[in-house]
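Participant: Below you'll find data_23.cif; it's mmCIF, C-alpha atoms.
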```cif
data_query
loop_
_atom_site.label_atom_id
_atom_site.label_comp_id
_atom_site.auth_asym_id
_atom_site.auth_seq_id
_atom_site.Cartn_x
_atom_site.Cartn_y
_atom_site.Cartn_z
CA MET A 247 -4.35 15.78 27.00
CA LYS A 248 -7.03 13.15 27.40
CA ARG A 249 -8.32 12.53 23.87
CA VAL A 250 -6.89 13.09 20.40
CA PHE A 251 -9.12 12.76 17.34
CA LEU A 252 -6.84 12.24 14.34
CA ILE A 253 -8.89 12.47 11.13
CA VAL A 254 -7.46 11.56 7.73
CA LEU A 255 -9.32 13.05 4.77
CA ASP A 256 -8.06 10.35 2.44
CA SER A 257 -6.14 11.90 -0.51
CA PHE A 258 -6.68 15.58 0.42
CA GLY A 259 -3.45 16.98 -1.05
CA ILE A 260 -2.69 20.72 -1.16
CA GLY A 261 -0.15 20.98 -3.98
CA GLN A 262 2.62 19.00 -5.59
CA MET A 263 5.83 18.21 -3.76
CA PRO A 264 9.19 19.15 -5.33
CA ASP A 265 9.81 15.53 -6.37
CA ALA A 266 6.35 14.99 -7.88
CA ASP A 267 7.78 14.60 -11.39
CA LYS A 268 9.69 11.51 -10.24
CA PHE A 269 6.32 9.96 -9.46
CA GLY A 270 4.90 10.95 -12.86
CA ASP A 271 2.88 13.88 -11.53
CA PHE A 272 2.95 17.40 -12.97
CA ASN A 273 1.06 20.49 -11.78
CA VAL A 274 -1.15 18.51 -9.40
CA ASN A 275 -3.13 20.09 -6.59
CA THR A 276 -6.17 18.38 -5.08
CA LEU A 277 -7.32 21.40 -3.06
CA GLY A 278 -6.63 23.71 -6.00
CA ALA A 279 -8.87 21.59 -8.23
CA CYS A 280 -11.67 21.61 -5.66
CA ALA A 281 -11.38 25.38 -5.27
CA THR A 282 -12.53 25.76 -8.90
CA SER A 283 -15.85 24.14 -8.04
CA SER A 284 -18.96 26.03 -6.98
CA LYS A 285 -19.65 23.11 -4.63
CA LEU A 286 -16.78 24.03 -2.30
CA HIS A 287 -17.82 25.89 0.85
CA ILE A 288 -15.52 25.18 3.80
CA PRO A 289 -15.68 28.18 6.18
CA ASN A 290 -14.79 26.17 9.28
CA MET A 291 -11.55 24.77 7.88
CA GLU A 292 -10.75 28.17 6.37
CA ALA A 293 -11.28 29.76 9.79
CA ALA A 294 -8.94 27.17 11.34
CA GLY A 295 -6.19 28.27 8.93
CA LEU A 296 -6.40 26.04 5.86
CA GLY A 297 -5.90 29.02 3.55
CA ASN A 298 -2.98 30.26 5.68
CA ILE A 299 -0.88 27.12 5.14
CA ASP A 300 2.39 27.58 3.25
CA GLY A 301 1.82 27.41 -0.50
CA VAL A 302 -1.99 27.54 -0.39
CA THR A 303 -3.13 30.38 -2.66
CA CYS A 304 -6.60 29.24 -3.72
CA LEU A 305 -8.41 30.05 -0.45
CA LYS A 306 -9.01 33.09 1.69
CA LYS A 307 -6.53 33.61 4.51
CA ALA A 308 -8.07 33.90 7.96
CA GLU A 309 -7.11 37.13 9.71
CA LYS A 310 -7.27 35.41 13.10
CA PRO A 311 -7.06 31.63 12.60
CA THR A 312 -8.82 29.49 15.19
CA GLY A 313 -6.31 26.63 14.99
CA ALA A 314 -2.69 25.73 14.43
CA TYR A 315 -1.80 24.77 10.87
CA ALA A 316 1.03 23.31 8.81
CA ARG A 317 2.05 21.89 5.45
CA LEU A 318 3.36 18.33 5.77
CA THR A 319 5.98 16.77 3.50
CA GLU A 320 5.90 13.05 2.85
CA ALA A 321 9.35 11.69 3.72
CA SER A 322 8.48 8.16 2.55
CA MET A 323 9.08 7.10 -1.03
CA GLY A 324 5.55 6.64 -2.18
CA LYS A 325 2.12 8.15 -2.59
CA ASP A 326 -0.11 5.34 -1.42
CA THR A 327 -2.46 4.80 1.49
CA THR A 328 -0.36 2.28 3.38
CA ILE A 329 2.93 4.11 3.72
CA GLY A 330 1.12 7.44 4.07
CA HIS A 331 -0.72 6.19 7.14
CA TRP A 332 2.36 4.41 8.47
CA GLU A 333 4.22 7.72 8.29
CA ILE A 334 1.38 9.57 10.05
CA ALA A 335 1.76 6.91 12.75
CA GLY A 336 5.51 7.47 12.99
CA VAL A 337 7.13 5.01 10.57
CA ILE A 338 8.95 6.38 7.51
CA SER A 339 9.41 4.06 4.50
CA PRO A 340 12.64 4.88 2.64
CA ASP A 341 11.94 2.28 -0.06
CA PRO A 342 8.81 2.14 -2.20
CA LEU A 343 6.52 -0.86 -1.97
CA PRO A 344 6.48 -3.01 -5.13
CA THR A 345 4.18 -2.05 -8.00
CA TYR A 346 3.22 -3.99 -11.12
CA PRO A 347 2.64 -1.79 -14.17
CA GLN A 348 2.70 -4.88 -16.41
CA GLY A 349 0.59 -7.03 -14.11
CA PHE A 350 1.67 -9.69 -11.63
CA PRO A 351 4.16 -12.42 -12.59
CA GLN A 352 2.75 -15.79 -13.54
CA ASP A 353 4.13 -17.55 -10.47
CA VAL A 354 2.05 -15.26 -8.24
CA LEU A 355 -1.10 -15.95 -10.24
CA ASP A 356 -0.40 -19.69 -10.28
CA ALA A 357 -0.06 -19.75 -6.50
CA PHE A 358 -3.26 -17.71 -6.08
CA GLU A 359 -5.25 -19.92 -8.44
CA LYS A 360 -4.00 -23.09 -6.74
CA ALA A 361 -4.86 -21.73 -3.29
CA THR A 362 -8.36 -20.56 -4.24
CA GLY A 363 -9.50 -23.04 -6.88
CA ARG A 364 -10.49 -20.34 -9.37
CA GLY A 365 -8.65 -18.90 -12.37
CA CYS A 366 -7.85 -15.22 -12.99
CA LEU A 367 -8.97 -12.60 -15.49
CA CYS A 368 -7.35 -9.28 -16.47
CA ASN A 369 -4.10 -8.98 -14.42
CA LEU A 370 -3.45 -5.41 -15.55
CA PRO A 371 -3.49 -1.93 -14.03
CA TYR A 372 -7.12 -0.82 -14.31
CA SER A 373 -9.76 1.55 -13.03
CA GLY A 374 -11.88 -0.28 -10.48
CA THR A 375 -15.14 0.79 -12.08
CA GLU A 376 -13.97 0.06 -15.63
CA VAL A 377 -12.56 -3.39 -14.84
CA ILE A 378 -15.90 -4.76 -13.67
CA LYS A 379 -17.58 -3.22 -16.70
CA ASP A 380 -15.08 -4.88 -19.04
CA TYR A 381 -14.74 -8.25 -17.28
CA GLY A 382 -18.01 -8.62 -15.35
CA GLU A 383 -19.76 -10.77 -17.95
CA GLU A 384 -16.70 -12.95 -18.47
CA GLN A 385 -16.55 -13.52 -14.71
CA ARG A 386 -20.21 -14.55 -14.74
CA LYS A 387 -19.49 -17.08 -17.51
CA THR A 388 -16.20 -18.47 -16.17
CA GLY A 389 -16.32 -17.95 -12.41
CA LYS A 390 -12.76 -16.61 -12.48
CA TRP A 391 -11.47 -13.86 -10.20
CA ILE A 392 -10.95 -10.40 -11.69
CA VAL A 393 -7.41 -9.55 -10.58
CA TYR A 394 -6.05 -6.08 -11.23
CA THR A 395 -3.72 -3.45 -9.82
CA SER A 396 -2.96 0.28 -10.17
CA ALA A 397 -0.01 2.62 -9.83
CA ASP A 398 -0.18 1.85 -6.11
CA SER A 399 1.18 -1.23 -4.40
CA VAL A 400 -2.06 -3.22 -4.48
CA PHE A 401 -3.37 -6.65 -5.51
CA GLN A 402 -7.10 -6.17 -6.06
CA VAL A 403 -9.64 -8.94 -6.46
CA ALA A 404 -13.12 -8.12 -7.78
CA ALA A 405 -15.99 -10.58 -7.46
CA ASN A 406 -19.73 -10.32 -8.10
CA GLU A 407 -21.53 -10.86 -4.78
CA GLU A 408 -24.52 -12.26 -6.63
CA PHE A 409 -22.76 -15.51 -7.46
CA ILE A 410 -19.42 -15.51 -5.59
CA PRO A 411 -20.05 -15.42 -1.82
CA LEU A 412 -18.43 -12.59 0.10
CA GLU A 413 -16.81 -14.99 2.53
CA GLU A 414 -15.15 -16.82 -0.37
CA LEU A 415 -13.79 -13.52 -1.69
CA TYR A 416 -12.48 -12.58 1.75
CA ASP A 417 -10.86 -15.98 2.18
CA ALA A 418 -9.22 -15.69 -1.24
CA CYS A 419 -7.79 -12.28 -0.35
CA HIS A 420 -6.52 -13.63 2.96
CA LYS A 421 -4.72 -16.38 1.02
CA ALA A 422 -3.35 -13.81 -1.42
CA ARG A 423 -1.97 -11.84 1.51
CA GLN A 424 -0.03 -14.91 2.64
CA ILE A 425 1.35 -15.39 -0.89
CA LEU A 426 2.33 -11.76 -1.40
CA ARG A 427 5.29 -11.52 0.98
CA GLY A 428 8.96 -10.73 0.54
CA LYS A 429 9.79 -9.24 -2.85
CA HIS A 430 6.11 -9.35 -3.80
CA GLY A 431 4.99 -7.80 -0.51
CA VAL A 432 2.44 -5.33 -1.85
CA GLY A 433 1.06 -2.79 0.58
CA ARG A 434 -2.51 -4.05 0.35
CA VAL A 435 -4.58 -6.90 -0.97
CA ILE A 436 -8.07 -5.50 -1.51
CA ALA A 437 -11.35 -7.38 -1.81
CA ARG A 438 -13.54 -5.46 -4.27
CA PRO A 439 -17.09 -6.90 -4.28
CA TYR A 440 -19.68 -5.60 -6.70
CA VAL A 441 -23.14 -6.38 -8.07
CA GLY A 442 -24.90 -6.05 -11.41
CA ASN A 443 -24.80 -7.27 -15.00
CA ASP A 444 -24.06 -6.02 -18.50
CA LYS A 445 -27.66 -4.97 -19.11
CA ASP A 446 -28.22 -2.94 -15.93
CA GLY A 447 -24.64 -1.93 -15.24
CA TYR A 448 -22.27 -2.72 -12.38
CA THR A 449 -21.88 -1.12 -8.96
CA ARG A 450 -19.20 -1.70 -6.33
CA THR A 451 -20.65 -2.38 -2.89
CA SER A 452 -19.58 -1.11 0.53
CA ASN A 453 -18.26 -4.56 1.50
CA ARG A 454 -14.69 -3.78 0.48
CA HIS A 455 -12.02 -5.21 2.77
CA ASP A 456 -8.30 -4.45 2.87
CA TYR A 457 -5.52 -6.86 3.90
CA SER A 458 -2.39 -4.86 4.64
CA LEU A 459 1.19 -5.71 5.39
CA GLU A 460 2.06 -5.43 9.05
CA PRO A 461 3.97 -2.18 9.72
CA PRO A 462 7.74 -2.81 9.68
CA ALA A 463 8.25 -1.12 13.06
CA GLU A 464 6.36 -0.04 16.16
CA THR A 465 3.76 2.63 15.40
CA LEU A 466 2.04 5.28 17.48
CA LEU A 467 -0.93 2.92 17.77
CA ASP A 468 1.27 0.26 19.38
CA ALA A 469 2.65 2.78 21.83
CA VAL A 470 -0.78 4.10 22.81
CA LYS A 471 -2.08 0.57 23.35
CA ALA A 472 1.03 -0.48 25.29
CA ALA A 473 0.55 2.51 27.61
CA GLY A 474 -2.86 1.12 28.54
CA LEU A 475 -4.78 3.82 26.70
CA ASP A 476 -7.55 3.47 24.14
CA SER A 477 -6.51 3.12 20.49
CA LEU A 478 -9.76 3.42 18.54
CA ALA A 479 -9.87 2.91 14.77
CA VAL A 480 -12.63 4.24 12.50
CA GLY A 481 -12.92 3.19 8.86
CA LYS A 482 -10.08 1.31 7.20
CA ILE A 483 -7.50 2.24 9.87
CA HIS A 484 -7.77 -1.24 11.38
CA ASP A 485 -7.07 -2.83 7.99
CA ILE A 486 -4.22 -0.45 7.06
CA PHE A 487 -2.35 -1.47 10.21
CA ALA A 488 -3.28 -5.16 9.78
CA GLY A 489 -5.18 -5.03 13.07
CA VAL A 490 -1.99 -4.25 15.00
CA GLY A 491 -2.09 -1.59 17.71
CA THR A 492 -5.83 -1.01 17.96
CA THR A 493 -7.99 -1.75 21.00
CA GLU A 494 -11.31 -1.32 19.21
CA HIS A 495 -12.42 -0.68 15.64
CA VAL A 496 -15.44 0.01 13.48
CA TYR A 497 -15.73 0.07 9.68
CA ASN A 498 -17.40 2.75 7.56
CA LYS A 499 -19.88 2.38 4.73
CA SER A 500 -19.38 6.00 3.67
CA ASN A 501 -17.92 9.29 4.83
CA ALA A 502 -21.21 10.11 6.54
CA ASP A 503 -21.13 6.76 8.34
CA GLY A 504 -17.55 7.40 9.45
CA MET A 505 -18.43 10.84 10.76
CA ASP A 506 -21.33 9.33 12.73
CA HIS A 507 -18.97 6.72 14.22
CA THR A 508 -16.57 9.50 15.23
CA LEU A 509 -19.36 11.36 17.01
CA ASP A 510 -20.30 8.14 18.80
CA TYR A 511 -16.75 7.83 20.10
CA ALA A 512 -16.73 11.53 21.04
CA ASP A 513 -19.73 10.81 23.28
CA ARG A 514 -17.66 8.22 25.15
CA ASP A 515 -15.36 8.95 28.06
CA PHE A 516 -12.26 7.30 26.59
CA HIS A 517 -8.61 8.17 27.15
CA GLY A 518 -6.28 7.97 24.17
CA LEU A 519 -6.45 8.15 20.38
CA CYS A 520 -9.36 7.99 17.96
CA PHE A 521 -7.80 7.51 14.50
CA VAL A 522 -10.28 8.09 11.66
CA ASN A 523 -10.07 7.52 7.90
CA LEU A 524 -12.72 8.95 5.56
CA VAL A 525 -12.09 7.18 2.27
CA ASP A 526 -14.81 8.55 -0.02
CA PHE A 527 -12.66 11.55 -0.94
CA ASP A 528 -10.19 9.17 -2.56
CA MET A 529 -12.22 6.15 -3.62
CA VAL A 530 -15.44 7.79 -4.80
CA TYR A 531 -14.24 11.18 -6.06
CA GLY A 532 -10.46 11.41 -6.47
CA HIS A 533 -9.86 8.24 -8.49
CA ARG A 534 -13.01 8.87 -10.49
CA ARG A 535 -11.80 12.39 -11.27
CA ASN A 536 -14.98 14.02 -10.01
CA VAL A 537 -14.06 17.59 -9.04
CA ASP A 538 -17.55 18.68 -7.98
CA GLY A 539 -18.10 15.47 -6.03
CA TYR A 540 -14.81 15.90 -4.16
CA ALA A 541 -15.56 19.56 -3.43
CA ASN A 542 -19.03 18.69 -2.17
CA ALA A 543 -17.61 15.97 0.09
CA LEU A 544 -15.26 18.55 1.62
CA THR A 545 -18.24 20.85 2.12
CA GLU A 546 -20.16 18.07 3.89
CA PHE A 547 -17.21 17.37 6.17
CA ASP A 548 -16.83 21.06 6.96
CA GLN A 549 -20.52 21.32 7.84
CA TRP A 550 -20.13 18.32 10.16
CA LEU A 551 -16.98 19.57 11.90
CA PRO A 552 -18.75 21.88 14.42
CA LYS A 553 -20.73 18.87 15.68
CA LEU A 554 -17.47 17.23 16.71
CA MET A 555 -16.02 20.42 18.16
CA GLU A 556 -19.09 20.82 20.37
CA LYS A 557 -18.34 17.46 21.99
CA LEU A 558 -14.74 18.27 22.90
CA GLY A 559 -13.66 18.71 26.48
CA PRO A 560 -10.87 21.02 27.68
CA GLU A 561 -8.35 18.15 27.42
CA ASP A 562 -9.24 17.18 23.82
CA VAL A 563 -7.58 17.93 20.49
CA VAL A 564 -8.68 17.43 16.88
CA MET A 565 -6.12 16.99 14.10
CA ILE A 566 -7.16 16.96 10.43
CA THR A 567 -4.71 15.77 7.79
CA ALA A 568 -4.32 13.48 4.74
CA ASP A 569 -2.16 10.58 3.54
CA HIS A 570 -1.39 11.66 -0.08
CA GLY A 571 -3.07 13.49 -2.95
CA CYS A 572 -5.53 12.38 -5.63
CA ASP A 573 -6.14 15.44 -7.80
CA PRO A 574 -9.64 14.99 -9.28
CA SER A 575 -8.76 17.27 -12.21
CA TYR A 576 -5.59 15.42 -13.24
CA THR A 577 -6.32 13.53 -16.45
CA ALA A 578 -2.92 11.97 -17.15
CA THR A 579 -3.83 9.07 -14.83
CA THR A 580 -6.56 8.13 -12.35
CA ASP A 581 -4.00 7.35 -9.66
CA HIS A 582 -2.85 9.10 -6.49
CA THR A 583 -0.75 12.24 -6.81
CA ARG A 584 2.45 13.15 -4.96
CA GLU A 585 1.46 16.19 -2.88
CA TYR A 586 1.98 17.99 0.37
CA VAL A 587 -0.90 17.47 2.80
CA PRO A 588 -2.49 19.88 5.27
CA LEU A 589 -2.55 19.74 9.03
CA LEU A 590 -5.12 21.59 11.11
CA VAL A 591 -5.05 21.33 14.91
CA MET A 592 -7.96 22.56 17.03
CA GLY A 593 -8.97 22.54 20.67
CA SER A 594 -9.51 24.90 23.58
CA GLN A 595 -5.84 24.69 24.58
CA VAL A 596 -4.43 25.02 21.04
CA LYS A 597 -2.70 28.26 20.07
CA PRO A 598 -3.36 29.59 16.54
CA VAL A 599 0.15 29.29 15.14
CA ASN A 600 1.74 28.65 11.76
CA LEU A 601 3.84 25.49 12.15
CA GLY A 602 5.37 26.04 8.72
CA THR A 603 6.36 23.27 6.33
CA ARG A 604 7.18 20.12 8.28
CA LYS A 605 9.71 17.53 7.11
CA SER A 606 7.51 14.50 7.70
CA TYR A 607 4.00 13.31 8.43
CA ALA A 608 5.67 11.54 11.38
CA ASP A 609 5.64 14.85 13.26
CA ILE A 610 1.99 14.04 13.96
CA ALA A 611 2.92 10.79 15.74
CA ALA A 612 5.60 12.50 17.82
CA THR A 613 3.15 15.21 18.83
CA VAL A 614 0.25 12.89 19.67
CA ALA A 615 2.55 10.76 21.80
CA GLU A 616 3.71 13.81 23.74
CA LEU A 617 0.18 15.15 24.15
CA LEU A 618 -1.00 11.82 25.57
CA GLY A 619 2.10 11.32 27.69
CA VAL A 620 3.07 8.17 25.83
CA SER A 621 6.65 7.04 25.31
CA TYR A 622 7.34 6.55 21.59
CA LYS A 623 10.44 6.88 19.42
CA THR A 624 9.97 8.15 15.86
CA PRO A 625 11.99 10.22 13.37
CA GLY A 626 9.22 12.80 13.59
CA GLU A 627 9.60 16.00 15.61
CA SER A 628 6.90 16.99 18.09
CA PHE A 629 5.30 20.42 17.81
CA ALA A 630 3.34 20.00 21.06
CA ALA A 631 5.18 22.81 22.81
CA GLN A 632 4.39 25.18 19.95
CA ILE A 633 0.63 24.60 19.97
CA LEU A 634 -0.24 24.38 23.65
CA ALA A 635 -1.43 27.58 25.27
CA ARG A 636 0.42 27.20 28.57
#
```
Just give me the structure of the file as structure tokens.
Facilitator:
Amino acid sequence: MKRVFLIVLDSFGIGQMPDADKFGDFNVNTLGACATSSKLHIPNMEAAGLGNIDGVTCLKKAEKPTGAYARLTEASMGKDTTIGHWEIAGVISPDPLPTYPQGFPQDVLDAFEKATGRGCLCNLPYSGTEVIKDYGEEQRKTGKWIVYTSADSVFQVAANEEFIPLEELYDACHKARQILRGKHGVGRVIARPYVGNDKDGYTRTSNRHDYSLEPPAETLLDAVKAAGLDSLAVGKIHDIFAGVGTTEHVYNKSNADGMDHTLDYADRDFHGLCFVNLVDFDMVYGHRRNVDGYANALTEFDQWLPKLMEKLGPEDVVMITADHGCDPSYTATTDHTREYVPLLVMGSQVKPVNLGTRKSYADIAATVAELLGVSYKTPGESFAAQILAR
């Protein structure tokens, strides 16, 4: 194969995993929630076999699927973006990344304040939209950072762009990343800029930036790059992998922007991997528990999908998957949910076959490596032989 387009619909889970209760999740199903909405219309993914995947009962089953399909189990001990993507890229994380349900210890805050010259507000798990509503005016008065976390392994810093320069926020997050190592090595430090005031309300901007831990082992991206092929990153892929293993990257302002970037790459005669993350599903709709919004975003992606398929050559493959769940109907928390994720594989040489329930997301990495003829060792098991019509 010449080109693989690997697209992550961030947080698109398809039903809880058997160990979901250990992660505090009960009866969660992101796709199931979206299927209750009148906004959901995804005939192209249904035709590819989304409704035929093991355990999916909320969609129509295609009589003659146009793609290969599977249900993927997360082998890593987590339900966050970082280790989900690492596993997709071939690295399984047996230990969870640290989380801070009571906030960060004082020594971490002291080091951050000393390094940046500003104090801290909040230091609690919080909704990103609520924290700026509750602390925005105090930040305006004091100039302190709004520091918060969630159930995920994240250190988030919110700052109002109108009086704290973006570059200062980015520099502060870079310094936080250097502080948060070892036992406090959170998966991501996230810059969360916003604008607004108490009178008119607050809005987060598209200038978010993530500072991730470097992957603990070689990933598929490293292997593709080392083989002299293109390793193209769309959206926050570059940040998730701390810039390691990519040959070129572009950021997204929205799902629509990311889909446009993917089409731009599809117009290019590259050889290798185009790894795409579309984050609005998670950030804009999942965490905000907006069922109709999530369903509509899936509809928009489905409507866009034929545009990509039209640009594929005979040696190209598209894979659609996710990194975890974020059930927009689950009211116990606003956090990610521990779910299976789907895999759809399409292309002119792809056989329509049920790949069953796979043991790890890392099967994707093993398969992509084999399809591209790249040498890469991973615990994942390739299904390349099962999908190729040879």
Participant: CA of Thr345 in chain A to CA of Ser399 in chain A: how many Å, to one decimal?
Facilitator: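 Those two atoms sit 4.8 Å apart.
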Participant: Using only C-alpha atoms - which residues lie no farther than 12 Å from the point (-22.9, 12.2, 12.1) in the file's frame? Write them as JSON, numbers by chain.
Facilitator: {"A": [498, 500, 501, 502, 503, 504, 505, 506, 507, 508, 509, 510, 511, 512, 513, 546, 547, 548, 549, 550, 551, 552, 553, 554]}
Participant: Show me a table, sorted first by chain and then by increasing residue number, of the residues of range 306-340 of chain A having an atom at most 8 Å from range 617-634 of chain A, each with its shortest atom pair and the distance in Å to one decimal, counting all atoms listed in the file and written as a Markdown table.
Facilitator:
```
| residue | atom | partner | partner_atom | distance |
| --- | --- | --- | --- | --- |
| A:Ala314 | CA | A:Ile633 | CA | 6.6 |
| A:Gly336 | CA | A:Thr624 | CA | 5.3 |
| A:Val337 | CA | A:Thr624 | CA | 6.8 |
| A:Ile338 | CA | A:Pro625 | CA | 7.6 |
```
Participant: Interatomic distance between CA of Ile378 in chain A and CA of Ala405 in chain A?
Facilitator: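 Going from CA of Ile378 in chain A over to CA of Ala405 in chain A, I get 8.5 Å.
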Participant: Run through the PyMOL selection byres ((chain A and resi 264-275) around 8) on the given coordinates and return the selected residues as a ChimeraX atom specification.
Facilitator: /A:259-263,276-279,571,573,576,583-585
Participant: What do you get, as a tab-separated table (two decimals) with C-alpha atoms, keeping the file's coordinate frame, if you spell out every residue that the PyMOL selection byres ((chain A and resi 299) around 8) selects here?
Facilitator:
```tsv
chain	number	residue	atom	x	y	z
A	295	GLY	CA	-6.19	28.27	8.93
A	296	LEU	CA	-6.40	26.04	5.86
A	297	GLY	CA	-5.90	29.02	3.55
A	298	ASN	CA	-2.98	30.26	5.68
A	300	ASP	CA	2.39	27.58	3.25
A	301	GLY	CA	1.82	27.41	-0.50
A	302	VAL	CA	-1.99	27.54	-0.39
A	315	TYR	CA	-1.80	24.77	10.87
A	316	ALA	CA	1.03	23.31	8.81
A	317	ARG	CA	2.05	21.89	5.45
A	588	PRO	CA	-2.49	19.88	5.27
A	600	ASN	CA	1.74	28.65	11.76
A	602	GLY	CA	5.37	26.04	8.72
```
Participant: For each of A:Ala479, A:Met555, A:Val400, A:Met291, take the minimum atom-to-atom distance to Asp326 in chain A, counting all atoms listed in the file, then give the residue where this is smallest.
Facilitator: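 Among the listed residues, A:Val400 lies closest to Asp326 in chain A.
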Participant: Could you check which of A:Gln352, A:Asn369, A:Gln402, A:Asn443 is closest to Arg386 in chain A, using all atoms listed in the file?
Facilitator: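 Looking at the shortest contact to Arg386 in chain A, the residue is A:Asn443.
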Participant: Written as a PyMOL selection string, which residues does the PyMOL selection byres ((chain A and resi 608) around 12) give for the file shown?
Facilitator: chain A and resi 318-322+329-339+465-466+567+569+589+604-607+609-615+622-629
Participant: Would you pick out the contacts of Ala404 in chain A at 6 Å or less, using all atoms listed in the file, so that residues sharing its chain but fewer than 6 positions from it are not included, and give the list as JSON, numbers by chain?
Facilitator: {"A": [392, 438, 439]}
Participant: Can you work out the spacing between CA of Val537 in chain A and CA of Tyr586 in chain A in Å, to one decimal?
Facilitator: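 So the two atoms, CA of Val537 in chain A and CA of Tyr586 in chain A, lie 18.6 Å apart.
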Participant: Restricting the calculation to all atoms listed in the file: of A:Thr449, A:Ser373, A:Asn523, A:Thr362, which residue gets closest to Val480 in chain A?
Facilitator: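 Of all the options, A:Asn523 lies closest to Val480 in chain A.
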